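Peer 1: I'm passing along query10.tsv; it holds TSV, N, CA and C atoms.
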```tsv
chain	number	residue	atom	x	y	z
X	1	ALA	N	78.57	62.48	91.36
X	1	ALA	CA	78.71	61.27	92.14
X	1	ALA	C	80.18	61.03	92.48
X	2	PHE	N	81.10	61.44	91.57
X	2	PHE	CA	82.51	61.22	91.85
X	2	PHE	C	83.04	62.17	92.91
X	3	SER	N	82.28	63.18	93.25
X	3	SER	CA	82.71	64.11	94.29
X	3	SER	C	82.30	63.65	95.69
X	4	ILE	N	81.59	62.54	95.77
X	4	ILE	CA	81.23	62.01	97.09
X	4	ILE	C	82.52	61.55	97.77
X	5	PRO	N	82.78	62.04	98.98
X	5	PRO	CA	84.03	61.68	99.65
X	5	PRO	C	84.04	60.21	100.09
X	6	LEU	N	85.24	59.67	100.21
X	6	LEU	CA	85.38	58.30	100.70
X	6	LEU	C	85.00	58.22	102.17
X	7	MET	N	85.45	59.21	102.93
X	7	MET	CA	85.22	59.21	104.37
X	7	MET	C	84.50	60.49	104.77
X	8	VAL	N	83.55	60.36	105.66
X	8	VAL	CA	82.86	61.51	106.24
X	8	VAL	C	82.98	61.38	107.75
X	9	ASP	N	83.65	62.34	108.36
X	9	ASP	CA	83.87	62.33	109.82
X	9	ASP	C	84.54	61.03	110.27
X	10	GLY	N	85.48	60.55	109.48
X	10	GLY	CA	86.24	59.36	109.86
X	10	GLY	C	85.55	58.05	109.55
X	11	GLU	N	84.34	58.08	109.02
X	11	GLU	CA	83.62	56.85	108.71
X	11	GLU	C	83.36	56.80	107.20
X	12	PRO	N	83.32	55.60	106.63
X	12	PRO	CA	83.06	55.50	105.19
X	12	PRO	C	81.67	56.02	104.83
X	13	PHE	N	81.59	56.67	103.68
X	13	PHE	CA	80.30	57.18	103.20
X	13	PHE	C	79.41	55.99	102.88
X	14	PRO	N	78.19	55.97	103.41
X	14	PRO	CA	77.33	54.80	103.19
X	14	PRO	C	76.88	54.68	101.72
X	15	ALA	N	77.02	53.50	101.19
X	15	ALA	CA	76.57	53.13	99.84
X	15	ALA	C	77.24	53.96	98.74
X	16	ARG	N	78.46	54.44	98.97
X	16	ARG	CA	79.17	55.23	97.95
X	16	ARG	C	79.40	54.40	96.70
X	17	ASN	N	79.82	53.16	96.86
X	17	ASN	CA	80.07	52.30	95.70
X	17	ASN	C	78.80	52.05	94.89
X	18	LEU	N	77.67	51.91	95.57
X	18	LEU	CA	76.40	51.71	94.88
X	18	LEU	C	76.04	52.96	94.08
X	19	VAL	N	76.21	54.13	94.67
X	19	VAL	CA	75.91	55.38	93.98
X	19	VAL	C	76.80	55.53	92.74
X	20	LEU	N	78.09	55.23	92.88
X	20	LEU	CA	79.00	55.32	91.74
X	20	LEU	C	78.62	54.32	90.65
X	21	PHE	N	78.27	53.11	91.04
X	21	PHE	CA	77.87	52.09	90.06
X	21	PHE	C	76.60	52.50	89.33
X	22	LEU	N	75.61	52.96	90.06
X	22	LEU	CA	74.36	53.38	89.43
X	22	LEU	C	74.57	54.57	88.50
X	23	THR	N	75.42	55.50	88.90
X	23	THR	CA	75.72	56.65	88.05
X	23	THR	C	76.40	56.20	86.77
X	24	PHE	N	77.38	55.35	86.90
X	24	PHE	CA	78.11	54.85	85.73
X	24	PHE	C	77.18	54.11	84.78
X	25	THR	N	76.37	53.21	85.30
X	25	THR	CA	75.47	52.43	84.43
X	25	THR	C	74.41	53.32	83.80
X	26	THR	N	73.95	54.34	84.50
X	26	THR	CA	72.96	55.25	83.93
X	26	THR	C	73.56	56.04	82.77
X	27	VAL	N	74.75	56.55	82.95
X	27	VAL	CA	75.40	57.33	81.90
X	27	VAL	C	75.69	56.45	80.69
X	28	ILE	N	76.30	55.32	80.91
X	28	ILE	CA	76.63	54.43	79.79
X	28	ILE	C	75.36	53.91	79.13
X	29	GLY	N	74.40	53.53	79.94
X	29	GLY	CA	73.14	53.01	79.38
X	29	GLY	C	72.42	54.02	78.52
X	30	THR	N	72.33	55.27	78.97
X	30	THR	CA	71.63	56.27	78.17
X	30	THR	C	72.40	56.57	76.89
X	31	LEU	N	73.72	56.63	76.96
X	31	LEU	CA	74.50	56.90	75.75
X	31	LEU	C	74.38	55.77	74.75
X	32	VAL	N	74.48	54.54	75.22
X	32	VAL	CA	74.42	53.39	74.32
X	32	VAL	C	73.01	53.22	73.76
X	33	VAL	N	72.01	53.30	74.62
X	33	VAL	CA	70.63	53.11	74.15
X	33	VAL	C	70.27	54.19	73.13
X	34	GLN	N	70.56	55.44	73.43
X	34	GLN	CA	70.23	56.51	72.49
X	34	GLN	C	71.07	56.40	71.22
X	35	GLY	N	72.33	56.08	71.37
X	35	GLY	CA	73.19	55.98	70.20
X	35	GLY	C	72.79	54.86	69.26
X	36	LEU	N	72.32	53.76	69.80
X	36	LEU	CA	71.95	52.62	68.97
X	36	LEU	C	70.54	52.74	68.40
X	37	THR	N	69.65	53.44	69.09
X	37	THR	CA	68.27	53.52	68.62
X	37	THR	C	67.97	54.75	67.78
X	38	LEU	N	68.79	55.78	67.83
X	38	LEU	CA	68.50	57.00	67.09
X	38	LEU	C	68.42	56.78	65.57
X	39	PRO	N	69.34	56.06	64.94
X	39	PRO	CA	69.19	55.85	63.49
X	39	PRO	C	67.89	55.13	63.12
X	40	HIS	N	67.49	54.17	63.93
X	40	HIS	CA	66.24	53.45	63.65
X	40	HIS	C	65.04	54.37	63.82
X	41	LEU	N	65.09	55.23	64.81
X	41	LEU	CA	64.00	56.17	65.05
X	41	LEU	C	63.88	57.16	63.89
X	42	VAL	N	65.00	57.64	63.39
X	42	VAL	CA	64.98	58.57	62.25
X	42	VAL	C	64.38	57.88	61.03
X	43	ARG	N	64.75	56.65	60.78
X	43	ARG	CA	64.18	55.91	59.65
X	43	ARG	C	62.69	55.67	59.85
X	44	LEU	N	62.30	55.34	61.06
X	44	LEU	CA	60.89	55.07	61.35
X	44	LEU	C	60.04	56.32	61.17
X	45	LEU	N	60.55	57.47	61.61
X	45	LEU	CA	59.80	58.72	61.49
X	45	LEU	C	59.91	59.35	60.10
X	46	LYS	N	60.76	58.78	59.26
X	46	LYS	CA	60.98	59.25	57.89
X	46	LYS	C	61.35	60.73	57.86
X	47	ILE	N	62.30	61.09	58.69
X	47	ILE	CA	62.78	62.47	58.73
X	47	ILE	C	63.65	62.70	57.50
X	48	PRO	N	63.34	63.76	56.73
X	48	PRO	CA	64.11	63.98	55.50
X	48	PRO	C	65.54	64.44	55.80
X	49	GLY	N	66.43	64.14	54.88
X	49	GLY	CA	67.82	64.56	55.02
X	49	GLY	C	67.97	66.02	54.63
X	50	ARG	N	69.20	66.47	54.56
X	50	ARG	CA	69.49	67.85	54.21
X	50	ARG	C	69.17	68.10	52.74
X	51	ASP	N	68.62	69.27	52.47
X	51	ASP	CA	68.34	69.68	51.10
X	51	ASP	C	69.43	70.66	50.69
X	52	THR	N	70.51	70.13	50.10
X	52	THR	CA	71.65	70.97	49.78
X	52	THR	C	71.31	71.99	48.69
X	53	HIS	N	70.39	71.65	47.80
X	53	HIS	CA	69.99	72.58	46.75
X	53	HIS	C	69.33	73.82	47.37
X	54	ALA	N	68.40	73.60	48.30
X	54	ALA	CA	67.73	74.73	48.95
X	54	ALA	C	68.71	75.54	49.79
X	55	GLU	N	69.65	74.86	50.44
X	55	GLU	CA	70.65	75.59	51.24
X	55	GLU	C	71.52	76.47	50.36
X	56	THR	N	71.91	75.95	49.19
X	56	THR	CA	72.74	76.72	48.27
X	56	THR	C	71.98	77.93	47.74
X	57	LEU	N	70.71	77.73	47.41
X	57	LEU	CA	69.90	78.84	46.93
X	57	LEU	C	69.72	79.92	48.00
X	58	ALA	N	69.49	79.51	49.24
X	58	ALA	CA	69.33	80.47	50.33
X	58	ALA	C	70.61	81.25	50.57
X	59	GLU	N	71.74	80.57	50.50
X	59	GLU	CA	73.03	81.25	50.68
X	59	GLU	C	73.27	82.25	49.55
X	60	ALA	N	72.97	81.87	48.32
X	60	ALA	CA	73.15	82.78	47.19
X	60	ALA	C	72.25	83.99	47.30
X	61	GLN	N	71.02	83.78	47.76
X	61	GLN	CA	70.10	84.90	47.93
X	61	GLN	C	70.60	85.84	49.02
X	62	ALA	N	71.11	85.31	50.12
X	62	ALA	CA	71.64	86.14	51.20
X	62	ALA	C	72.84	86.95	50.72
X	63	GLN	N	73.70	86.32	49.93
X	63	GLN	CA	74.87	87.04	49.40
X	63	GLN	C	74.43	88.14	48.44
X	64	SER	N	73.43	87.88	47.62
X	64	SER	CA	72.93	88.87	46.68
X	64	SER	C	72.33	90.06	47.42
X	65	GLU	N	71.55	89.80	48.45
X	65	GLU	CA	70.96	90.89	49.23
X	65	GLU	C	72.02	91.71	49.95
X	66	ALA	N	73.04	91.05	50.47
X	66	ALA	CA	74.13	91.77	51.14
X	66	ALA	C	74.89	92.63	50.14
X	67	SER	N	75.11	92.11	48.96
X	67	SER	CA	75.81	92.88	47.92
X	67	SER	C	74.98	94.10	47.51
X	68	ARG	N	73.69	93.91	47.33
X	68	ARG	CA	72.80	95.02	46.95
X	68	ARG	C	72.79	96.09	48.04
X	69	ALA	N	72.72	95.68	49.31
X	69	ALA	CA	72.73	96.64	50.41
X	69	ALA	C	74.05	97.40	50.47
X	70	ALA	N	75.16	96.71	50.21
X	70	ALA	CA	76.46	97.37	50.21
X	70	ALA	C	76.55	98.39	49.08
X	71	GLU	N	76.04	98.04	47.89
X	71	GLU	CA	76.05	98.99	46.77
X	71	GLU	C	75.21	100.22	47.08
X	72	GLU	N	74.03	100.02	47.69
X	72	GLU	CA	73.18	101.15	48.04
X	72	GLU	C	73.87	102.06	49.05
X	73	ARG	N	74.53	101.47	50.02
X	73	ARG	CA	75.24	102.27	51.02
X	73	ARG	C	76.38	103.05	50.39
X	74	LEU	N	77.12	102.42	49.48
X	74	LEU	CA	78.19	103.12	48.78
X	74	LEU	C	77.65	104.27	47.95
X	75	ASP	N	76.51	104.08	47.29
X	75	ASP	CA	75.90	105.16	46.51
X	75	ASP	C	75.54	106.34	47.41
X	76	VAL	N	75.00	106.04	48.61
X	76	VAL	CA	74.67	107.11	49.55
X	76	VAL	C	75.92	107.84	50.00
X	77	LEU	N	76.98	107.11	50.30
X	77	LEU	CA	78.23	107.74	50.74
X	77	LEU	C	78.86	108.58	49.64
X	78	LEU	N	78.80	108.08	48.42
X	78	LEU	CA	79.38	108.82	47.31
X	78	LEU	C	78.56	110.07	46.97
X	79	ALA	N	77.26	110.02	47.18
X	79	ALA	CA	76.40	111.16	46.90
X	79	ALA	C	76.54	112.25	47.96
X	80	ASP	N	77.01	111.89	49.14
X	80	ASP	CA	77.19	112.86	50.23
X	80	ASP	C	78.34	113.79	49.88
X	81	GLU	N	78.06	115.10	49.88
X	81	GLU	CA	79.07	116.08	49.48
X	81	GLU	C	80.19	116.23	50.49
X	82	GLY	N	79.94	115.97	51.75
X	82	GLY	CA	80.94	116.19	52.78
X	82	GLY	C	81.81	114.97	53.11
X	83	ASN	N	81.75	113.93	52.30
X	83	ASN	CA	82.53	112.74	52.62
X	83	ASN	C	83.96	112.86	52.10
X	84	ALA	N	84.80	112.01	52.57
X	84	ALA	CA	86.19	112.03	52.18
X	84	ALA	C	86.50	110.99	51.11
X	85	LEU	N	85.46	110.35	50.56
X	85	LEU	CA	85.69	109.34	49.55
X	85	LEU	C	85.94	110.00	48.19
X	86	PRO	N	86.91	109.55	47.43
X	86	PRO	CA	87.14	110.12	46.11
X	86	PRO	C	86.04	109.72	45.14
X	87	GLN	N	85.68	110.62	44.26
X	87	GLN	CA	84.64	110.32	43.26
X	87	GLN	C	85.25	109.50	42.13
X	88	PRO	N	84.53	108.55	41.59
X	88	PRO	CA	85.07	107.72	40.50
X	88	PRO	C	85.13	108.50	39.19
```
Take the structure in the file and write it out as structure tokens.

Peer 2:
Amino acid sequence: AFSIPLMVDGEPFPARNLVLFLTFTTVIGTLVVQGLTLPHLVRLLKIPGRDTHAETLAEAQAQSEASRAAEERLDVLLADEGNALPQP
């Protein structure tokens, strides 16, 4: 809406101020209405919060699996006779 020119072919753009006003009120209205009603909607729908215990467990499991995969890959590389890795 802000890209609407002031003048078109030497004449003012019809209803430009109305378009700008409606755009501004729509943007502000949607931001304010959604911002003010979202917390109430979350409480009404009883949406649960974050489960930090489950997140911590999932992260630990992912780290454990990555570590196990890395160890298996190192065992394969060390078992390969043609590699350049020194034997322990």

Peer 1: In Å, how far is it from atom N of Gly35 (chain X) to CA of Phe21 (chain X)?

Peer 2: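 It comes out at 19.9 Å.
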
Peer 1: Report, in Å to a single decimal, how far apart CA of Glu71 (chain X) and CA of Thr52 (chain X) are.

Peer 2: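 Between these atoms lies a distance of 28.5 Å.
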
Peer 1: Identify which of the residues X:Ala1, X:Val32, X:Leu74, X:Ala66 lies closest to Leu18 (chain X), counting only C-alpha atoms when measuring atom-to-atom distances.

Peer 2: X:Ala1

Peer 1: Quote the spacing between CA of Thr23 (chain X) and atom N of Phe2 (chain X) in Å to one decimal place.

Peer 2: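 Separation between CA of Thr23 (chain X) and atom N of Phe2 (chain X): 8.0 Å.
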
Peer 1: Mind checking DSSP for chain X and telling me the strand (DSSP E) residues as a PyMOL selection string?

Peer 2: chain X and resi 7-8+11-12

Peer 1: Write the residues of the selection above to a file with N, CA and C atoms, as a PDB file, in the frame of the given file.

Peer 2:
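Output contents, as saved in selection_8.pdb:
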```pdb
ATOM      1  N   MET X   7      85.450  59.210 102.930  1.00  0.00           N
ATOM      2  CA  MET X   7      85.220  59.210 104.370  1.00  0.00           C
ATOM      3  C   MET X   7      84.500  60.490 104.770  1.00  0.00           C
ATOM      4  N   VAL X   8      83.550  60.360 105.660  1.00  0.00           N
ATOM      5  CA  VAL X   8      82.860  61.510 106.240  1.00  0.00           C
ATOM      6  C   VAL X   8      82.980  61.380 107.750  1.00  0.00           C
ATOM      7  N   GLU X  11      84.340  58.080 109.020  1.00  0.00           N
ATOM      8  CA  GLU X  11      83.620  56.850 108.710  1.00  0.00           C
ATOM      9  C   GLU X  11      83.360  56.800 107.200  1.00  0.00           C
ATOM     10  N   PRO X  12      83.320  55.600 106.630  1.00  0.00           N
ATOM     11  CA  PRO X  12      83.060  55.500 105.190  1.00  0.00           C
ATOM     12  C   PRO X  12      81.670  56.020 104.830  1.00  0.00           C
TER      13      PRO X  12
END
```
